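Structure below is start.csv: CSV, C-alpha atoms.
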```csv
chain,number,residue,atom,x,y,z
A,1,MET,CA,-93.1,-144.5,-33.5
A,2,ILE,CA,-89.6,-143.2,-33.3
A,3,LYS,CA,-87.2,-146.0,-32.8
A,4,LEU,CA,-84.3,-143.9,-31.4
A,5,VAL,CA,-81.6,-144.8,-29.0
A,6,ALA,CA,-80.8,-141.1,-29.0
A,7,PHE,CA,-83.0,-138.7,-30.8
A,8,LEU,CA,-80.4,-136.0,-31.2
A,9,LEU,CA,-78.5,-133.6,-33.2
A,10,ILE,CA,-76.9,-136.5,-34.7
A,11,SER,CA,-75.1,-138.9,-36.7
A,12,VAL,CA,-72.5,-136.3,-37.1
A,13,CYS,CA,-69.4,-138.4,-37.0
A,14,PHE,CA,-66.4,-136.5,-38.3
A,15,MET,CA,-63.0,-137.7,-39.3
A,16,GLN,CA,-62.3,-139.6,-36.1
A,17,ILE,CA,-65.7,-141.2,-35.9
A,18,ALA,CA,-67.5,-141.0,-39.3
A,19,ASN,CA,-64.5,-141.8,-41.4
A,20,ALA,CA,-63.8,-144.8,-39.3
A,21,GLN,CA,-67.3,-146.2,-39.8
A,22,GLU,CA,-68.6,-144.6,-43.0
A,23,HIS,CA,-68.0,-147.6,-45.1
A,24,LYS,CA,-68.3,-150.2,-42.4
A,25,GLU,CA,-71.5,-152.1,-43.2
A,26,ASP,CA,-71.7,-155.1,-41.0
A,27,SER,CA,-74.0,-158.1,-41.6
A,28,ALA,CA,-76.4,-157.0,-38.9
A,29,ASN,CA,-77.2,-153.7,-40.8
A,30,PRO,CA,-77.5,-151.6,-37.7
A,31,THR,CA,-80.0,-148.7,-37.5
A,32,ALA,CA,-78.7,-145.1,-37.6
A,33,ASN,CA,-79.1,-145.0,-33.8
A,34,GLU,CA,-77.3,-148.2,-33.2
A,35,TYR,CA,-74.6,-147.1,-35.6
A,36,MET,CA,-74.2,-143.8,-33.8
A,37,HIS,CA,-74.1,-145.4,-30.3
A,38,GLN,CA,-71.1,-147.5,-31.1
A,39,ASN,CA,-69.5,-144.5,-29.5
A,40,SER,CA,-69.9,-143.3,-25.9
A,41,HIS,CA,-71.8,-140.1,-25.0
A,42,GLU,CA,-68.5,-138.5,-24.2
A,43,GLU,CA,-67.1,-139.4,-27.6
A,44,LEU,CA,-70.2,-138.3,-29.4
A,45,ALA,CA,-70.3,-135.0,-27.6
A,46,LYS,CA,-66.7,-134.3,-28.4
A,47,ALA,CA,-67.4,-135.0,-32.1
A,48,PHE,CA,-70.6,-133.0,-32.2
A,49,ASP,CA,-68.9,-130.0,-30.7
A,50,SER,CA,-65.7,-130.3,-32.6
A,51,SER,CA,-64.2,-127.3,-34.3
A,52,GLU,CA,-63.8,-129.5,-37.3
A,53,ARG,CA,-67.5,-129.7,-37.6
A,54,ASP,CA,-67.7,-125.9,-37.8
A,55,LYS,CA,-65.9,-125.9,-41.1
A,56,TRP,CA,-68.7,-127.7,-42.9
A,57,GLN,CA,-71.7,-127.2,-40.7
A,58,LYS,CA,-71.3,-123.4,-40.8
A,59,PRO,CA,-73.3,-122.8,-37.7
A,60,GLU,CA,-73.3,-119.1,-37.7
A,61,GLU,CA,-74.5,-119.0,-41.3
A,62,VAL,CA,-77.2,-121.6,-40.5
A,63,ILE,CA,-78.4,-119.4,-37.6
A,64,ALA,CA,-78.5,-116.4,-39.9
A,65,PHE,CA,-80.5,-118.4,-42.4
A,66,LEU,CA,-83.2,-118.8,-39.8
A,67,GLY,CA,-83.8,-115.0,-39.8
A,68,ASN,CA,-84.5,-112.9,-36.8
A,69,ILE,CA,-85.2,-115.3,-34.0
A,70,GLU,CA,-84.9,-113.0,-31.1
A,71,ASN,CA,-87.6,-113.8,-28.5
A,72,LYS,CA,-88.9,-116.6,-30.7
A,73,THR,CA,-89.7,-119.9,-29.0
A,74,ILE,CA,-87.7,-122.7,-30.7
A,75,ILE,CA,-87.6,-126.4,-30.1
A,76,ASP,CA,-84.1,-127.8,-30.8
A,77,LEU,CA,-85.4,-131.3,-31.7
A,78,GLY,CA,-82.8,-133.9,-31.0
A,79,SER,CA,-80.5,-131.4,-29.4
A,80,GLY,CA,-77.7,-133.8,-28.5
A,81,SER,CA,-75.0,-132.1,-26.5
A,82,GLY,CA,-76.2,-128.6,-27.5
A,83,TYR,CA,-74.1,-127.7,-30.6
A,84,PHE,CA,-76.9,-125.5,-31.9
A,85,THR,CA,-78.8,-125.1,-28.7
A,86,PHE,CA,-76.4,-122.5,-27.3
A,87,ARG,CA,-76.1,-120.7,-30.6
A,88,LEU,CA,-79.8,-120.3,-30.8
A,89,VAL,CA,-79.9,-118.9,-27.2
A,90,GLY,CA,-77.0,-116.6,-28.2
A,91,ALA,CA,-79.1,-115.3,-31.1
A,92,GLY,CA,-81.8,-114.3,-28.6
A,93,ALA,CA,-84.2,-117.2,-28.9
A,94,ASN,CA,-86.0,-119.0,-26.1
A,95,VAL,CA,-85.0,-122.6,-26.6
A,96,ILE,CA,-86.4,-125.9,-25.5
A,97,ALA,CA,-83.7,-128.5,-26.0
A,98,THR,CA,-85.4,-131.9,-26.4
A,99,ASP,CA,-84.0,-135.4,-26.6
A,100,VAL,CA,-84.9,-138.9,-25.7
A,101,ASP,CA,-81.5,-139.4,-24.2
A,102,ASN,CA,-81.2,-137.9,-20.7
A,103,GLU,CA,-77.4,-138.1,-20.7
A,104,PHE,CA,-77.2,-135.5,-23.5
A,105,LEU,CA,-79.7,-133.3,-21.6
A,106,LYS,CA,-77.4,-133.5,-18.6
A,107,ILE,CA,-74.5,-132.3,-20.7
A,108,ILE,CA,-76.6,-129.3,-21.8
A,109,GLU,CA,-77.7,-128.5,-18.2
A,110,GLU,CA,-74.1,-128.6,-17.0
A,111,LYS,CA,-73.1,-126.1,-19.8
A,112,GLN,CA,-76.1,-124.0,-18.9
A,113,LYS,CA,-74.9,-123.7,-15.3
A,114,GLN,CA,-71.4,-122.9,-16.4
A,115,LEU,CA,-72.6,-120.2,-18.8
A,116,ASP,CA,-75.2,-118.9,-16.2
A,117,ILE,CA,-78.0,-119.0,-18.7
A,118,ASP,CA,-81.4,-118.3,-17.2
A,119,HIS,CA,-84.1,-121.1,-17.4
A,120,ASP,CA,-86.4,-118.6,-19.1
A,121,LYS,CA,-84.0,-118.7,-22.0
A,122,LEU,CA,-83.2,-122.4,-22.0
A,123,LYS,CA,-85.2,-125.4,-20.9
A,124,THR,CA,-84.4,-129.0,-21.4
A,125,MET,CA,-87.1,-131.6,-22.0
A,126,LEU,CA,-86.9,-135.4,-22.0
A,127,ILE,CA,-89.3,-136.6,-24.7
A,128,SER,CA,-90.7,-139.9,-25.5
A,129,GLU,CA,-90.0,-141.9,-28.6
A,130,ASN,CA,-93.5,-141.3,-30.0
A,131,GLU,CA,-94.4,-137.7,-29.5
A,132,LEU,CA,-93.6,-134.2,-28.4
A,133,SER,CA,-95.8,-133.3,-25.5
A,134,ILE,CA,-95.5,-129.6,-25.9
A,135,GLY,CA,-99.1,-128.5,-26.4
A,136,THR,CA,-100.7,-126.8,-29.4
A,137,ASN,CA,-99.6,-123.4,-30.9
A,138,MET,CA,-96.7,-123.2,-28.5
A,139,VAL,CA,-93.6,-122.7,-30.6
A,140,ASP,CA,-92.4,-120.6,-33.6
A,141,LEU,CA,-89.8,-123.0,-35.0
A,142,VAL,CA,-89.0,-126.7,-34.8
A,143,PHE,CA,-85.4,-126.9,-35.7
A,144,MET,CA,-83.7,-130.3,-36.4
A,145,VAL,CA,-80.2,-130.9,-37.6
A,146,ASN,CA,-78.9,-134.3,-38.6
A,147,VAL,CA,-82.0,-135.9,-37.0
A,148,TYR,CA,-84.5,-136.6,-39.7
A,149,HIS,CA,-82.9,-139.8,-40.8
A,150,HIS,CA,-83.2,-141.2,-37.2
A,151,LEU,CA,-87.0,-141.1,-37.3
A,152,SER,CA,-89.6,-143.7,-38.3
A,153,ASN,CA,-93.2,-143.1,-39.1
A,154,ARG,CA,-92.2,-139.6,-40.1
A,155,VAL,CA,-95.4,-138.7,-42.0
A,156,SER,CA,-97.7,-139.1,-39.0
A,157,TYR,CA,-95.1,-137.6,-36.7
A,158,PHE,CA,-94.8,-134.4,-38.6
A,159,ASN,CA,-98.5,-134.1,-39.2
A,160,ALA,CA,-98.7,-134.0,-35.4
A,161,VAL,CA,-95.8,-131.6,-35.0
A,162,ASN,CA,-97.7,-129.1,-37.2
A,163,ASN,CA,-100.1,-128.7,-34.2
A,164,ILE,CA,-97.2,-127.5,-32.0
A,165,LEU,CA,-96.5,-124.6,-34.3
A,166,ARG,CA,-97.9,-121.2,-33.9
A,167,GLN,CA,-99.4,-119.3,-36.8
A,168,ASN,CA,-96.7,-118.6,-39.3
A,169,GLY,CA,-94.5,-121.2,-37.5
A,170,LYS,CA,-92.2,-123.5,-39.4
A,171,ILE,CA,-90.0,-126.6,-39.3
A,172,VAL,CA,-86.4,-126.3,-40.5
A,173,ILE,CA,-84.7,-129.6,-41.4
A,174,VAL,CA,-81.0,-129.8,-42.0
A,175,ASP,CA,-79.7,-133.2,-43.1
A,176,PHE,CA,-77.2,-135.0,-45.3
A,177,TYR,CA,-77.4,-135.7,-49.0
A,178,LYS,CA,-77.9,-139.3,-49.7
A,179,GLU,CA,-74.4,-139.7,-51.0
A,180,THR,CA,-71.0,-141.0,-49.8
A,181,LEU,CA,-69.6,-138.0,-48.0
A,182,PRO,CA,-66.5,-137.3,-45.8
A,183,VAL,CA,-68.8,-136.5,-42.9
A,184,GLY,CA,-72.0,-137.9,-41.5
A,185,PRO,CA,-73.4,-141.5,-41.4
A,186,SER,CA,-73.0,-144.1,-44.1
A,187,LYS,CA,-75.0,-143.6,-47.2
A,188,ASN,CA,-77.6,-146.3,-46.4
A,189,HIS,CA,-78.6,-144.3,-43.2
A,190,LYS,CA,-79.2,-141.1,-45.1
A,191,ILE,CA,-82.6,-139.9,-46.4
A,192,SER,CA,-82.6,-138.1,-49.7
A,193,LYS,CA,-83.9,-134.6,-50.1
A,194,ASP,CA,-86.7,-135.8,-52.5
A,195,GLU,CA,-87.9,-138.4,-49.9
A,196,VAL,CA,-88.1,-135.7,-47.2
A,197,LEU,CA,-90.1,-133.5,-49.5
A,198,LYS,CA,-92.4,-136.3,-50.4
A,199,GLU,CA,-93.0,-137.2,-46.7
A,200,LEU,CA,-93.6,-133.6,-45.7
A,201,ASP,CA,-96.1,-133.3,-48.5
A,202,GLU,CA,-97.9,-136.4,-47.3
A,203,ALA,CA,-97.9,-135.1,-43.8
A,204,GLY,CA,-99.8,-132.1,-45.0
A,205,PHE,CA,-97.2,-129.4,-45.6
A,206,LYS,CA,-97.6,-127.6,-48.9
A,207,ASN,CA,-95.6,-124.5,-48.5
A,208,ILE,CA,-92.0,-125.9,-48.6
A,209,ASP,CA,-88.7,-124.2,-49.5
A,210,VAL,CA,-85.4,-125.9,-50.3
A,211,ASN,CA,-81.9,-124.5,-50.0
A,212,THR,CA,-79.1,-126.5,-51.5
A,213,GLU,CA,-76.5,-123.7,-51.7
A,214,LEU,CA,-75.6,-122.8,-48.1
A,215,LEU,CA,-74.0,-126.1,-47.1
A,216,GLU,CA,-71.8,-128.4,-49.1
A,217,TYR,CA,-72.9,-131.7,-47.6
A,218,GLN,CA,-76.4,-130.9,-46.5
A,219,TYR,CA,-79.8,-129.7,-47.7
A,220,ILE,CA,-82.0,-127.3,-45.7
A,221,ILE,CA,-85.7,-127.7,-46.0
A,222,THR,CA,-88.2,-125.3,-44.5
A,223,ALA,CA,-91.9,-126.3,-44.2
A,224,TYR,CA,-94.4,-123.8,-43.0
A,225,LYS,CA,-97.4,-124.4,-40.7
A,226,PHE,CA,-100.5,-125.5,-42.7
```

Represent the structure from my file as structure tokens, please.
Amino acid sequence: MIKLVAFLLISVCFMQIANAQEHKEDSANPTANEYMHQNSHEELAKAFDSSERDKWQKPEEVIAFLGNIENKTIIDLGSGSGYFTFRLVGAGANVIATDVDNEFLKIIEEKQKQLDIDHDKLKTMLISENELSIGTNMVDLVFMVNVYHHLSNRVSYFNAVNNILRQNGKIVIVDFYKETLPVGPSKNHKISKDEVLKELDEAGFKNIDVNTELLEYQYIITAYKF
């Protein structure tokens, strides 16, 4: 269902990666995942965790936007090299970092050792391309940043993800406006805010909030368990 080479925190290619490729549309029209993996894991991790990203991603403000997450169980869906993973842990959450690319999970695990973070606070999980095998009513929040546009068959996927959420649980999606921007993937790889809202509605979510004020280049969509 999900045709990902790496289902991660993603397609964040800043000046040294994104700008070099933002307008490069080759005749093969690569997918978002193929486009991203024109760079090595090391290059991607360096870009994902760059201080340049902090300027427009505003991670501390995004974490604050989530509200009180202390002792909440959160899936960092498409965690990549852990840009938000460790910030979620720092805010007191119990985090499950998930990705289909084990190389990124290894990066997170190495950082976890260096920071001496207990496994009760942070777990990594290699997931398949088609589902999250987490169990029902297991998590309070499914958090995904720069990942939505990497997914296919999103309606059926998110209908199933709803079952993972506990009562009053929610999904928070942060992704790029479908515009030509100085950061992020090329325009044709982006998914518009309106399309996300339409697909979430089709998946069954009716209680949906949209924030277009916090971030300059990205929308934030919150969909609550139905």

What lies within 6 Å of region 121-138 of chain A using all atoms listed in the file, ignoring chain neighbours under 5 positions off, as a CSV table (one decimal) with C-alpha atoms, in the coordinates of the input?
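Saved the output as around28.csv:
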```
chain,number,residue,atom,x,y,z
A,1,MET,CA,-93.1,-144.5,-33.5
A,2,ILE,CA,-89.6,-143.2,-33.3
A,94,ASN,CA,-86.0,-119.0,-26.1
A,95,VAL,CA,-85.0,-122.6,-26.6
A,96,ILE,CA,-86.4,-125.9,-25.5
A,97,ALA,CA,-83.7,-128.5,-26.0
A,98,THR,CA,-85.4,-131.9,-26.4
A,99,ASP,CA,-84.0,-135.4,-26.6
A,100,VAL,CA,-84.9,-138.9,-25.7
A,163,ASN,CA,-100.1,-128.7,-34.2
A,164,ILE,CA,-97.2,-127.5,-32.0
A,165,LEU,CA,-96.5,-124.6,-34.3
A,166,ARG,CA,-97.9,-121.2,-33.9
```

Which polymer residues have any atom within 8 Å of an atom of region 49-58 of chain A, counting only C-alpha atoms, with same-chain residues fewer than 6 positions away left out, as a PDB file with C-alpha atoms, in the coordinates of the input?
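Saved to around_7.pdb:
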```pdb
ATOM      1  CA  PHE A  14     -66.400-136.500 -38.300  1.00  0.00           C
ATOM      2  CA  SER A  81     -75.000-132.100 -26.500  1.00  0.00           C
ATOM      3  CA  TYR A  83     -74.100-127.700 -30.600  1.00  0.00           C
ATOM      4  CA  LEU A 215     -74.000-126.100 -47.100  1.00  0.00           C
ATOM      5  CA  GLU A 216     -71.800-128.400 -49.100  1.00  0.00           C
ATOM      6  CA  TYR A 217     -72.900-131.700 -47.600  1.00  0.00           C
TER       7      TYR A 217
END
```

Identify, on the basis of all atoms listed in the file, every residue whose closest approach to Gly82 (chain A) does not exceed 10 Å; exclude the query and any residue fewer than 5 positions from it along the same chain; express the result as an mmCIF file with C-alpha atoms, keeping the file's coordinate frame.
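Below is the file out-v9.cif, written as the result:
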```cif
data_model
loop_
_atom_site.group_PDB
_atom_site.id
_atom_site.type_symbol
_atom_site.label_atom_id
_atom_site.label_comp_id
_atom_site.auth_asym_id
_atom_site.auth_seq_id
_atom_site.Cartn_x
_atom_site.Cartn_y
_atom_site.Cartn_z
ATOM 1 C CA LEU A 8 -80.400 -136.000 -31.200
ATOM 2 C CA LEU A 9 -78.500 -133.600 -33.200
ATOM 3 C CA ALA A 45 -70.300 -135.000 -27.600
ATOM 4 C CA PHE A 48 -70.600 -133.000 -32.200
ATOM 5 C CA ASP A 49 -68.900 -130.000 -30.700
ATOM 6 C CA ASP A 76 -84.100 -127.800 -30.800
ATOM 7 C CA ARG A 87 -76.100 -120.700 -30.600
ATOM 8 C CA LEU A 88 -79.800 -120.300 -30.800
ATOM 9 C CA ALA A 97 -83.700 -128.500 -26.000
ATOM 10 C CA THR A 98 -85.400 -131.900 -26.400
ATOM 11 C CA PHE A 104 -77.200 -135.500 -23.500
ATOM 12 C CA LEU A 105 -79.700 -133.300 -21.600
ATOM 13 C CA ILE A 107 -74.500 -132.300 -20.700
ATOM 14 C CA ILE A 108 -76.600 -129.300 -21.800
ATOM 15 C CA GLU A 109 -77.700 -128.500 -18.200
ATOM 16 C CA LYS A 111 -73.100 -126.100 -19.800
ATOM 17 C CA GLN A 112 -76.100 -124.000 -18.900
#
```

Problem set entry | Minimum-distance residue to Gly204 (chain A), chosen among A:Arg154, A:Asp101, A:Ile63, A:Phe84 (using all atoms listed in the file) |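 That would be A:Arg154, the residue with the smallest distance to Gly204 (chain A).
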
Exercise. Between CA of Leu197 (chain A) and CA of Ser79 (chain A), what is the distance, to one decimal in Å?
Worked result: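 These two atoms are separated by 22.4 Å.
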
Exercise. Of the candidates A:Ile191, A:Val89, A:Val62, A:Ile69, which one gets nearest to Gly169 (chain A) if we count only C-alpha atoms?
Worked result: A:Ile69

For this session: Considering only C-alpha atoms, return as a PyMOL selection string whatever protein or nucleic-acid residues lie within 9 Å of Thr222 (chain A), sequence-local ones (same chain, fewer than 5 positions apart) excluded.
Result: chain A and resi 170-174+207-211

Exercise. Which residue out of A:Ile220, A:Glu60, A:His41, A:Lys193 has the minimum interatomic distance to Lys106 (chain A) when only C-alpha atoms are used?
Worked result: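 Among the listed residues, the smallest separation from Lys106 (chain A) belongs to A:His41.
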
Problem set entry | Top pick for closest residue to Val155 (chain A), considering A:Asn168, A:Gly184, A:Leu115, A:Ala203 and counting only C-alpha atoms |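 The shortest atom-to-atom distance to Val155 (chain A) comes from A:Ala203.
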
Seminar exercise, completed: Of A:Gln167, A:Asn68, A:Thr85, A:Asn159, the one sitting nearest Glu199 (chain A) when using all atoms listed in the file is A:Asn159

Exercise. For Tyr219 (chain A), which residue out of A:Ser186, A:Asn146, A:Asn153, A:Thr180 is the nearest one, using only C-alpha atoms?
Worked result: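 So, comparing all the options, the nearest one is A:Asn146.
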
Exercise. Interatomic distance between CA of Ser152 (chain A) and CA of Gln218 (chain A)?
Worked result: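 These two atoms are separated by 20.1 Å.
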
Problem set entry | d(CA of Asn102 (chain A), CA of Gly78 (chain A)) in Å |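 Between CA of Asn102 (chain A) and CA of Gly78 (chain A) the gap is 11.2 Å.
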
Exercise. Residues at most 6 Å from Ile74 (chain A), counting only C-alpha atoms, excluding those fewer than 6 positions away in the same chain, as a PyMOL selection string?
Worked result: chain A and resi 95+139-142
